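Engineer: Provided herewith: run06.cif, mmCIF, C-alpha atoms.
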```cif
data_my_file
loop_
_atom_site.label_atom_id
_atom_site.label_comp_id
_atom_site.auth_asym_id
_atom_site.auth_seq_id
_atom_site.Cartn_x
_atom_site.Cartn_y
_atom_site.Cartn_z
CA MET A 1 24.91 52.76 19.68
CA ALA A 2 27.42 49.88 19.31
CA LYS A 3 26.77 48.87 22.90
CA SER A 4 23.00 48.77 22.29
CA THR A 5 23.52 46.62 19.19
CA CYS A 6 25.74 44.22 21.14
CA LEU A 7 23.18 43.92 23.92
CA PHE A 8 20.43 43.35 21.33
CA LYS A 9 22.45 40.55 19.68
CA THR A 10 23.16 38.91 23.03
CA SER A 11 19.50 39.10 23.98
CA LEU A 12 18.48 37.71 20.57
CA GLU A 13 20.94 34.81 20.83
CA LEU A 14 19.64 34.01 24.32
CA CYS A 15 16.05 34.00 23.05
CA GLN A 16 16.99 31.78 20.13
CA SER A 17 18.81 29.38 22.47
CA ARG A 18 15.80 29.21 24.79
CA ARG A 19 13.44 28.75 21.84
CA SER A 20 15.62 25.93 20.46
CA ARG A 21 15.72 24.22 23.85
CA PHE A 22 11.93 24.63 24.20
CA LEU A 23 11.34 23.11 20.76
CA ARG A 24 13.62 20.16 21.56
CA THR A 25 11.84 19.54 24.86
CA ARG A 26 8.45 19.97 23.19
CA SER A 27 9.44 17.52 20.44
CA GLN A 28 10.61 14.95 22.98
CA ALA A 29 7.42 15.36 25.01
CA LEU A 30 5.27 14.94 21.91
CA ASN A 31 7.19 11.82 20.89
CA ALA A 32 6.71 10.37 24.37
CA ILE A 33 2.97 11.16 24.22
CA ARG A 34 2.68 9.51 20.81
CA LYS A 35 4.44 6.41 22.14
CA PHE A 36 2.09 6.27 25.09
CA ALA A 37 -0.97 6.84 22.90
CA ASP A 38 0.12 4.13 20.48
CA GLY A 39 0.69 1.74 23.37
CA ARG A 40 4.10 0.87 21.95
CA PRO A 41 6.98 0.03 24.29
CA ALA A 42 9.91 2.42 24.35
CA ILE A 43 13.12 1.27 22.67
CA ILE A 44 16.47 1.85 24.40
CA LEU A 45 19.95 1.55 22.89
CA GLY A 46 22.68 0.69 25.41
CA ILE A 47 26.45 1.17 25.08
CA GLU A 48 29.00 -0.66 27.26
CA THR A 49 32.73 0.20 27.28
CA SER A 50 33.68 -0.02 30.97
CA CYS A 51 36.66 -2.31 30.41
CA ASP A 52 37.80 -4.28 27.36
CA ASP A 53 34.64 -5.23 25.45
CA THR A 54 32.74 -2.86 23.17
CA GLY A 55 29.06 -3.77 23.43
CA CYS A 56 25.80 -2.39 22.10
CA GLY A 57 22.35 -3.74 22.88
CA ILE A 58 18.84 -2.68 21.91
CA VAL A 59 15.84 -3.70 24.03
CA ASP A 60 12.32 -2.46 24.58
CA THR A 61 10.56 -1.84 27.88
CA THR A 62 8.83 -5.23 27.76
CA GLY A 63 12.24 -6.92 27.98
CA LYS A 64 12.35 -7.97 24.34
CA LEU A 65 15.88 -8.16 22.93
CA LEU A 66 15.77 -6.47 19.52
CA GLY A 67 19.43 -6.45 18.55
CA GLU A 68 22.96 -6.64 19.87
CA ALA A 69 26.60 -6.64 18.82
CA ILE A 70 29.91 -6.92 20.64
CA ASN A 71 33.60 -6.66 19.85
CA SER A 72 35.68 -8.72 22.28
CA GLN A 73 39.27 -7.74 23.01
CA HIS A 74 39.95 -10.94 24.96
CA LEU A 75 42.49 -12.52 22.62
CA THR A 76 44.35 -9.23 22.19
CA HIS A 77 44.84 -8.72 25.92
CA LEU A 78 45.58 -12.43 26.47
CA LYS A 79 48.76 -11.94 24.45
CA HIS A 80 49.81 -9.10 26.76
CA GLY A 81 49.14 -11.06 29.95
CA GLY A 82 46.46 -8.62 31.13
CA ILE A 83 44.34 -5.65 30.12
CA ILE A 84 46.33 -2.65 28.89
CA PRO A 85 44.10 0.45 29.33
CA THR A 86 45.57 2.41 26.41
CA ILE A 87 45.10 -0.53 24.04
CA ALA A 88 41.56 -1.09 25.34
CA GLY A 89 40.69 2.58 24.77
CA GLU A 90 42.08 2.61 21.24
CA MET A 91 40.20 -0.57 20.31
CA HIS A 92 36.96 0.91 21.68
CA ARG A 93 37.55 3.99 19.52
CA GLN A 94 38.17 1.85 16.43
CA HIS A 95 35.13 -0.39 16.83
CA ILE A 96 32.36 1.52 18.62
CA THR A 97 30.75 2.96 15.49
CA THR A 98 30.67 -0.41 13.73
CA VAL A 99 29.36 -2.21 16.82
CA CYS A 100 26.45 0.22 17.20
CA GLU A 101 25.68 0.09 13.48
CA ASP A 102 25.70 -3.72 13.62
CA ALA A 103 23.32 -3.71 16.58
CA LEU A 104 20.90 -1.37 14.79
CA ARG A 105 21.14 -3.50 11.65
CA SER A 106 20.45 -6.70 13.58
CA ALA A 107 17.34 -5.03 15.05
CA ASN A 108 16.32 -3.68 11.62
CA LEU A 109 16.12 -0.22 13.18
CA ARG A 110 17.58 3.23 12.63
CA LEU A 111 18.58 5.84 15.17
CA ARG A 112 15.29 7.67 14.59
CA ASP A 113 13.45 4.58 15.94
CA ILE A 114 15.33 4.70 19.27
CA ASP A 115 13.71 6.50 22.23
CA ALA A 116 16.79 6.98 24.42
CA ILE A 117 20.52 6.28 24.60
CA ALA A 118 21.87 4.58 27.75
CA THR A 119 25.63 4.45 28.34
CA THR A 120 27.92 3.12 31.06
CA THR A 121 29.58 6.09 32.73
CA LYS A 122 30.85 4.46 35.96
CA PRO A 123 32.77 2.60 37.34
CA GLY A 124 35.53 1.29 35.06
CA LEU A 125 38.67 2.23 33.15
CA PRO A 126 38.42 6.00 32.56
CA ILE A 127 39.88 5.86 29.04
CA SER A 128 37.39 3.13 28.05
CA LEU A 129 34.39 4.80 29.72
CA THR A 130 35.21 8.10 28.00
CA ILE A 131 34.97 6.53 24.52
CA GLY A 132 31.49 5.17 25.28
CA ASN A 133 30.26 8.32 27.02
CA THR A 134 31.46 10.57 24.19
CA PHE A 135 29.87 8.39 21.52
CA GLY A 136 26.65 7.96 23.49
CA LYS A 137 26.28 11.72 23.92
CA TYR A 138 26.99 12.16 20.21
CA LEU A 139 24.16 9.77 19.29
CA SER A 140 21.90 11.54 21.78
CA LYS A 141 22.69 14.90 20.18
CA ILE A 142 22.36 14.03 16.49
CA GLY A 143 19.25 11.95 17.13
CA ASN A 144 17.73 14.42 19.62
CA LYS A 145 17.31 11.61 22.14
CA PRO A 146 17.24 11.58 25.96
CA TYR A 147 20.43 10.32 27.60
CA ILE A 148 20.60 7.85 30.49
CA PRO A 149 23.96 7.52 32.33
CA ILE A 150 24.33 4.00 33.74
CA HIS A 151 26.15 2.59 36.77
CA HIS A 152 27.80 -0.61 35.53
CA MET A 153 27.18 -2.61 38.71
CA GLU A 154 23.54 -1.53 38.94
CA ALA A 155 23.10 -2.83 35.41
CA HIS A 156 24.56 -6.23 36.40
CA ALA A 157 22.24 -6.30 39.42
CA LEU A 158 19.10 -5.65 37.37
CA THR A 159 19.78 -7.66 34.20
CA VAL A 160 18.00 -10.78 35.43
CA ARG A 161 14.69 -8.87 35.57
CA MET A 162 14.78 -8.63 31.79
CA VAL A 163 14.41 -12.41 31.41
CA GLN A 164 12.77 -13.53 34.66
CA LYS A 165 10.26 -12.14 37.14
CA VAL A 166 12.20 -11.05 40.23
CA ASP A 167 10.40 -8.64 42.53
CA PHE A 168 12.04 -5.93 44.62
CA PRO A 169 13.64 -6.14 47.09
CA TYR A 170 16.18 -8.95 46.64
CA LEU A 171 19.76 -9.86 47.54
CA VAL A 172 22.32 -9.70 44.76
CA LEU A 173 25.83 -11.13 44.60
CA LEU A 174 28.03 -9.58 41.91
CA VAL A 175 31.32 -11.36 41.26
CA SER A 176 33.55 -10.52 38.32
CA GLY A 177 37.03 -9.53 37.24
CA GLY A 178 36.58 -6.06 38.67
CA HIS A 179 34.15 -6.47 41.55
CA SER A 180 32.84 -8.61 44.40
CA LEU A 181 29.78 -7.19 46.04
CA LEU A 182 26.74 -8.13 48.12
CA ALA A 183 23.82 -5.71 48.15
CA ILE A 184 20.09 -5.43 48.72
CA VAL A 185 18.34 -4.13 45.60
CA GLU A 186 15.48 -1.99 46.93
CA ASN A 187 14.37 -0.64 43.54
CA VAL A 188 15.74 0.59 40.22
CA ASP A 189 17.91 3.29 41.80
CA LYS A 190 18.22 2.27 45.45
CA PHE A 191 20.88 -0.21 46.60
CA TYR A 192 22.26 -1.05 50.05
CA THR A 193 25.82 -2.43 50.07
CA LEU A 194 26.31 -5.22 52.63
CA GLY A 195 29.85 -6.15 51.64
CA THR A 196 32.52 -5.55 49.04
CA THR A 197 36.14 -6.53 48.47
CA ILE A 198 38.87 -5.09 50.67
CA ASP A 199 41.57 -5.93 48.13
CA ASN A 200 41.18 -7.79 44.82
CA ALA A 201 38.19 -9.09 42.89
CA PRO A 202 37.83 -12.87 42.41
CA GLY A 203 37.98 -12.77 38.62
CA GLU A 204 41.19 -10.75 38.72
CA ILE A 205 42.79 -13.25 41.11
CA LEU A 206 41.73 -16.28 39.06
CA ASP A 207 43.12 -14.67 35.90
CA LYS A 208 46.47 -14.00 37.56
CA ILE A 209 46.73 -17.50 39.03
CA ALA A 210 45.85 -19.07 35.67
CA ARG A 211 48.53 -16.96 34.02
CA ARG A 212 51.19 -18.00 36.56
CA LEU A 213 50.14 -21.64 36.14
CA LYS A 214 50.60 -21.19 32.35
CA LEU A 215 47.22 -22.75 31.63
CA ALA A 216 47.15 -20.98 28.26
CA ASN A 217 50.01 -23.26 27.20
CA ILE A 218 47.65 -26.25 27.44
CA PRO A 219 45.83 -26.35 24.07
CA GLU A 220 42.34 -27.04 25.46
CA PHE A 221 42.57 -23.94 27.71
CA SER A 222 44.37 -21.60 25.27
CA HIS A 223 41.21 -19.76 24.15
CA MET A 224 39.72 -19.37 27.64
CA ASN A 225 39.98 -16.55 30.15
CA GLY A 226 41.64 -17.36 33.48
CA GLY A 227 38.47 -18.16 35.38
CA GLN A 228 37.16 -20.48 32.67
CA ALA A 229 40.51 -22.26 32.44
CA ILE A 230 40.68 -22.86 36.20
CA GLU A 231 37.13 -24.21 36.30
CA SER A 232 37.80 -26.53 33.36
CA ALA A 233 41.12 -27.72 34.84
CA ALA A 234 39.49 -28.24 38.26
CA SER A 235 36.85 -30.53 36.71
CA LYS A 236 39.68 -32.97 35.84
CA ALA A 237 41.08 -33.13 39.39
CA SER A 238 41.54 -36.46 41.14
CA ASP A 239 41.95 -34.91 44.62
CA PRO A 240 40.32 -31.44 44.92
CA THR A 241 41.35 -31.08 48.58
CA LYS A 242 45.02 -31.97 48.08
CA TYR A 243 46.24 -28.40 48.61
CA ILE A 244 45.13 -26.71 51.81
CA PHE A 245 44.12 -23.04 51.83
CA GLU A 246 43.30 -21.49 55.18
CA PRO A 247 39.78 -19.99 55.51
CA VAL A 248 39.71 -16.24 54.89
CA LEU A 249 38.54 -13.54 57.35
CA THR A 250 37.02 -16.10 59.72
CA ARG A 251 37.18 -13.70 62.68
CA SER A 252 35.51 -10.85 60.81
CA ARG A 253 31.74 -11.05 61.28
CA ASN A 254 30.85 -9.06 58.22
CA CYS A 255 30.22 -9.58 54.52
CA GLN A 256 33.54 -8.21 53.27
CA PHE A 257 35.56 -10.20 50.74
CA SER A 258 39.30 -10.77 50.47
CA PHE A 259 41.06 -12.80 47.77
CA ALA A 260 44.63 -11.51 48.07
CA GLY A 261 45.60 -14.31 50.51
CA VAL A 262 44.55 -17.00 48.04
CA ALA A 263 46.63 -15.31 45.35
CA ASN A 264 49.71 -14.91 47.57
CA LYS A 265 49.67 -18.55 48.67
CA SER A 266 49.17 -19.66 45.08
CA PHE A 267 52.08 -17.58 43.82
CA ALA A 268 54.33 -18.90 46.60
CA HIS A 269 53.43 -22.49 45.66
CA ILE A 270 54.01 -21.81 41.95
CA ALA A 271 57.40 -20.21 42.65
CA LYS A 272 58.40 -23.27 44.66
CA GLN A 273 57.27 -25.60 41.88
CA GLU A 274 59.20 -23.59 39.30
CA LYS A 275 62.35 -23.90 41.38
CA ASN A 276 61.96 -27.58 42.25
CA PHE A 277 60.98 -28.79 38.78
CA ASP A 278 62.82 -26.26 36.62
CA VAL A 279 59.62 -25.58 34.64
CA ALA A 280 60.22 -24.00 31.24
CA ASP A 281 58.17 -21.02 30.05
CA SER A 282 56.21 -23.21 27.64
CA ILE A 283 55.28 -25.89 30.20
CA ALA A 284 52.35 -25.73 32.62
CA MET A 285 52.79 -26.44 36.34
CA PRO A 286 52.87 -30.07 37.59
CA ASP A 287 49.65 -31.40 39.21
CA VAL A 288 47.83 -28.36 37.85
CA TYR A 289 44.35 -29.96 37.89
CA ASN A 290 44.34 -30.68 41.62
CA PHE A 291 45.80 -27.26 42.40
CA CYS A 292 43.12 -25.48 40.35
CA ALA A 293 40.42 -27.49 42.14
CA SER A 294 41.81 -26.50 45.54
CA VAL A 295 41.94 -22.81 44.54
CA GLN A 296 38.38 -22.95 43.22
CA LEU A 297 37.13 -24.64 46.40
CA CYS A 298 38.76 -21.98 48.61
CA VAL A 299 37.30 -19.10 46.60
CA THR A 300 33.87 -20.75 46.52
CA LYS A 301 33.77 -21.36 50.29
CA HIS A 302 34.73 -17.76 51.01
CA ILE A 303 32.05 -16.35 48.70
CA CYS A 304 29.43 -18.72 50.10
CA LEU A 305 30.20 -17.86 53.73
CA ARG A 306 29.91 -14.12 53.14
CA THR A 307 26.69 -14.63 51.17
CA GLN A 308 25.26 -16.85 53.91
CA ARG A 309 25.95 -14.14 56.49
CA ALA A 310 24.14 -11.61 54.28
CA MET A 311 21.13 -13.95 54.18
CA GLU A 312 21.15 -14.38 57.95
CA PHE A 313 21.40 -10.60 58.38
CA ILE A 314 18.34 -10.15 56.14
CA ASN A 315 16.42 -12.90 57.94
CA ASN A 316 17.29 -11.64 61.42
CA MET A 317 16.29 -8.08 60.55
CA ASN A 318 13.27 -9.25 58.52
CA LEU A 319 14.35 -6.92 55.71
CA ILE A 320 12.69 -9.01 53.00
CA SER A 321 9.44 -10.88 53.45
CA GLN A 322 9.86 -14.65 53.56
CA GLU A 323 8.04 -15.32 50.30
CA LYS A 324 10.23 -12.82 48.41
CA ARG A 325 13.67 -13.85 49.70
CA THR A 326 15.77 -14.29 46.57
CA LEU A 327 19.48 -14.38 45.78
CA VAL A 328 20.44 -13.18 42.30
CA ILE A 329 24.00 -13.81 41.10
CA SER A 330 25.61 -12.00 38.20
CA GLY A 331 28.98 -10.93 36.81
CA GLY A 332 31.61 -12.91 34.91
CA VAL A 333 32.51 -15.22 37.82
CA ALA A 334 28.81 -16.12 38.21
CA CYS A 335 29.31 -18.21 35.04
CA ASN A 336 31.28 -20.68 37.18
CA ASN A 337 29.05 -23.76 37.55
CA PHE A 338 30.86 -25.05 40.66
CA LEU A 339 30.22 -21.76 42.46
CA ALA A 340 26.59 -21.70 41.30
CA LYS A 341 25.92 -25.20 42.66
CA ALA A 342 27.45 -24.26 46.02
CA LEU A 343 25.36 -21.09 46.29
CA GLU A 344 22.24 -23.05 45.38
CA ILE A 345 22.90 -25.31 48.37
CA VAL A 346 23.30 -22.28 50.66
CA CYS A 347 20.03 -20.81 49.34
CA SER A 348 18.18 -24.05 49.96
CA GLU A 349 19.41 -24.18 53.55
CA LYS A 350 18.59 -20.53 54.27
CA GLY A 351 15.19 -20.29 52.61
CA PHE A 352 16.18 -18.20 49.59
CA LYS A 353 15.20 -18.74 45.99
CA PHE A 354 18.30 -19.05 43.80
CA VAL A 355 18.28 -17.08 40.53
CA ARG A 356 21.25 -17.03 38.19
CA THR A 357 21.58 -14.42 35.47
CA PRO A 358 21.90 -16.26 32.12
CA PRO A 359 25.63 -16.82 31.42
CA HIS A 360 25.57 -14.87 28.13
CA LEU A 361 24.35 -11.83 30.07
CA CYS A 362 26.73 -12.26 33.03
CA ASN A 363 29.78 -10.90 31.22
CA ASP A 364 29.91 -7.23 30.22
CA ASN A 365 27.54 -6.51 27.35
CA GLY A 366 25.42 -3.74 25.85
CA VAL A 367 22.14 -5.55 26.51
CA MET A 368 22.39 -5.11 30.28
CA ILE A 369 23.04 -1.39 29.83
CA ALA A 370 20.05 -1.05 27.52
CA TRP A 371 17.84 -2.91 30.00
CA ASN A 372 18.98 -0.71 32.90
CA GLY A 373 18.07 2.24 30.68
CA ALA A 374 14.65 0.68 30.06
CA GLU A 375 14.08 0.19 33.80
CA ARG A 376 15.04 3.80 34.44
CA TRP A 377 12.83 4.98 31.57
CA MET A 378 9.81 3.20 33.06
CA ALA A 379 10.58 4.57 36.54
CA ASN A 380 11.46 8.01 35.15
CA ALA A 381 14.69 7.88 37.17
CA GLY A 382 17.85 9.48 35.83
CA VAL A 383 16.58 10.13 32.30
CA LEU A 384 18.24 13.35 31.09
CA ARG A 385 16.59 15.51 28.42
CA ASP A 386 18.31 18.88 28.81
CA ARG A 387 21.25 19.14 26.38
CA GLU A 388 23.43 21.20 28.73
CA GLU A 389 22.87 18.69 31.53
CA ILE A 390 23.71 15.80 29.19
CA GLU A 391 26.95 17.42 28.04
CA MET A 392 28.05 17.82 31.68
CA ILE A 393 27.98 14.04 32.31
CA SER A 394 31.49 12.73 32.97
CA VAL A 395 32.90 9.28 33.75
CA GLU A 396 33.99 7.94 37.15
CA LYS A 397 36.66 5.32 37.75
CA ASN A 398 35.32 4.32 41.18
CA ALA A 399 31.65 4.50 42.07
CA PRO A 400 30.25 2.35 44.91
CA PHE A 401 26.53 2.06 45.48
CA GLU A 402 25.23 5.18 47.20
CA GLU A 403 24.29 3.72 50.61
CA SER A 404 26.61 1.46 52.59
CA TRP A 405 25.28 -0.90 55.25
CA ILE A 406 28.67 -2.53 55.86
CA GLU A 407 28.95 -1.16 59.41
CA ARG A 408 25.35 -2.14 60.09
CA VAL A 409 26.20 -5.75 59.22
CA GLU A 410 29.29 -5.64 61.45
CA ASP A 411 27.24 -4.26 64.33
CA ALA A 412 24.82 -7.17 63.96
CA ASN A 413 27.78 -9.43 64.93
CA ILE A 414 26.34 -12.54 63.27
CA LYS A 415 28.25 -15.72 63.99
CA CYS A 416 28.07 -17.88 60.91
CA LYS A 417 29.12 -21.47 60.21
CA LEU A 418 29.12 -22.39 56.54
CA VAL A 419 26.52 -24.99 55.59
CA LYS A 420 27.92 -28.30 54.31
CA LEU A 421 28.64 -28.04 50.59
CA ASN A 422 28.22 -31.54 49.13
CA ILE A 423 29.55 -30.73 45.68
CA LEU A 424 32.90 -32.55 45.43
#
```
Translate the structure described by the file into structure tokens.
Structural biologist:
Amino acid sequence: MAKSTCLFKTSLELCQSRRSRFLRTRSQALNAIRKFADGRPAIILGIETSCDDTGCGIVDTTGKLLGEAINSQHLTHLKHGGIIPTIAGEMHRQHITTVCEDALRSANLRLRDIDAIATTTKPGLPISLTIGNTFGKYLSKIGNKPYIPIHHMEAHALTVRMVQKVDFPYLVLLVSGGHSLLAIVENVDKFYTLGTTIDNAPGEILDKIARRLKLANIPEFSHMNGGQAIESAASKASDPTKYIFEPVLTRSRNCQFSFAGVANKSFAHIAKQEKNFDVADSIAMPDVYNFCASVQLCVTKHICLRTQRAMEFINNMNLISQEKRTLVISGGVACNNFLAKALEIVCSEKGFKFVRTPPHLCNDNGVMIAWNGAERWMANAGVLRDREEIEMISVEKNAPFEESWIERVEDANIKCKLVKLNIL
């Protein structure tokens, strides 16, 4: 008798679980139907915690920005000389609730008004990603909302479509503190990687060089990140070509990036200067403006050459029709005006339209995550509605785009001479 009762209870619990799941799915379907019938755009809330900034953005499927908030950890990590993952994670934990509440308040919305929650789940610092993923799933659960896991780099690649008409397919260059990447964006969830970094990302290298040059000790640069400080210092140079950096990977006919050589030569020069001039900890390096300009020029030429080869690969293979050939640049380093001007010259020479993601959307933010969620919502790609499936979503530290064409580019064996960059 006890066994029969146990089986009955188990069967009843299973039925109740299935009924609850059916009602949730039915409720979500009805809400979606009402939205469609009303002709109202869907509203997506996006959460970004891949590294050191806690961001939340709210957009609708027309591209309208409804609200946003961000908590920057920049000044905290600047004191430590770099990002400390445990500190970043703790600060995300402390601020994520307030940031999301502030974003909702700025949009004059409540959670019940949101149609789906989109959250960065890869790639990035695991401890930071976990805070965002946990909180995003919590909002999804208490609000009974669909959940959309987002690939951070895909979000960067698609952000520009929120503010400007850019048709698929197009070439994208993503350059930041964590990534350097060239890819063809086929559609919302299809990307072909043409090249990526074989060592360090450009933003990481610029930050480290700026730190060794002690640019933060110069008052006008003290509030800037490394890349911003180097660009600002370079603009004051009297001789941008004074320091010679050898071209990088000139014998490799591919679109791969490498910035470690620039860093190593810079550190060797700085060590020599420290020894020769007995530079104190509080004093910046001598002739720092010209050195920064030379570093920036070397990095820019390398990025431009790899991007030019990607364009020639696309043109030779006729992968994008001539009238649609577009280069989109995004990521923190895309804020560099010197680099943007150089890439614009390359685009002009190679028959590509140059499109730059607005600087305020280049750095990590919740808006780009929300927009990627909106794109996926409209395409019905990767929108999760089953609670068990949502709870199984985990974070990933490393997550390249799914399809690599790096070998395909190498096999094309394209000899490439960089166009003349008249920007000095």
Engineer: Report the residues retrieved by the PyMOL selection byres ((chain A and resi 44) around 9) from the displayed file, expressed as a count of residues only.
Structural biologist: 19
Engineer: Go through A:Met153, A:Val383, A:Val419, A:Ala263 one by one, measure the shortest atom-to-atom distance of each to A:Gly331 using all atoms listed in the file, and give the residue with the smallest value.
Structural biologist: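 For A:Gly331, the nearest of the candidates is A:Met153.
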Engineer: Carefully work through the PyMOL selection byres ((chain A and resi 212) around 9) for this structure and note down the residues it includes, as a count of residues only.
Structural biologist: 14
Engineer: Taking all atoms listed in the file into account, name the residue in A:Ile414, A:Ala103, A:Ile96, A:Ala342 that is nearest to A:Phe135.
Structural biologist: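 Using all atoms listed in the file, A:Phe135 sits closest to A:Ile96.
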Engineer: Please expand the PyMOL selection byres ((chain A and resi 390) around 10) into the concrete residues it hits in this file, giving the result as a list in words.
Structural biologist: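 That selection, the PyMOL selection byres ((chain A and resi 390) around 10), comes back as Lys137, Ser140, Lys141, Pro146, Tyr147, Ile148, Pro149, Val383, Leu384, Arg385, Asp386, Arg387, Glu388, Glu389, Glu391, Met392, Ile393 and Ser394 of chain A.
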Engineer: Provide stretch 322-336 of chain A rebuilt to N, CA and C atoms, formatted as a tab-separated table (two decimals), keeping the file's coordinate frame.
Structural biologist:
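Contents of result.tsv, freshly written:
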```tsv
chain	number	residue	atom	x	y	z
A	322	GLN	N	9.42	-13.28	53.77
A	322	GLN	CA	9.86	-14.65	53.56
A	322	GLN	C	9.56	-15.17	52.15
A	323	GLU	N	8.41	-14.81	51.62
A	323	GLU	CA	8.04	-15.32	50.30
A	323	GLU	C	8.82	-14.65	49.16
A	324	LYS	N	9.49	-13.53	49.45
A	324	LYS	CA	10.23	-12.82	48.41
A	324	LYS	C	11.74	-12.99	48.52
A	325	ARG	N	12.22	-13.74	49.50
A	325	ARG	CA	13.67	-13.85	49.70
A	325	ARG	C	14.32	-14.57	48.51
A	326	THR	N	15.14	-13.80	47.80
A	326	THR	CA	15.77	-14.29	46.57
A	326	THR	C	17.22	-13.83	46.51
A	327	LEU	N	18.10	-14.74	46.08
A	327	LEU	CA	19.48	-14.38	45.78
A	327	LEU	C	19.65	-14.39	44.27
A	328	VAL	N	20.10	-13.28	43.72
A	328	VAL	CA	20.44	-13.18	42.30
A	328	VAL	C	21.96	-13.10	42.20
A	329	ILE	N	22.55	-13.92	41.33
A	329	ILE	CA	24.00	-13.81	41.10
A	329	ILE	C	24.26	-13.37	39.67
A	330	SER	N	25.27	-12.52	39.52
A	330	SER	CA	25.61	-12.00	38.20
A	330	SER	C	27.08	-11.62	38.17
A	331	GLY	N	27.56	-11.24	36.99
A	331	GLY	CA	28.98	-10.93	36.81
A	331	GLY	C	29.70	-12.12	36.19
A	332	GLY	N	30.87	-11.88	35.63
A	332	GLY	CA	31.61	-12.91	34.91
A	332	GLY	C	31.87	-14.18	35.70
A	333	VAL	N	32.21	-14.05	37.00
A	333	VAL	CA	32.51	-15.22	37.82
A	333	VAL	C	31.25	-16.03	38.13
A	334	ALA	N	30.07	-15.41	38.00
A	334	ALA	CA	28.81	-16.12	38.21
A	334	ALA	C	28.59	-17.20	37.14
A	335	CYS	N	29.39	-17.16	36.07
A	335	CYS	CA	29.31	-18.21	35.04
A	335	CYS	C	29.91	-19.53	35.53
A	336	ASN	N	30.65	-19.48	36.64
A	336	ASN	CA	31.28	-20.68	37.18
A	336	ASN	C	30.23	-21.63	37.75
```
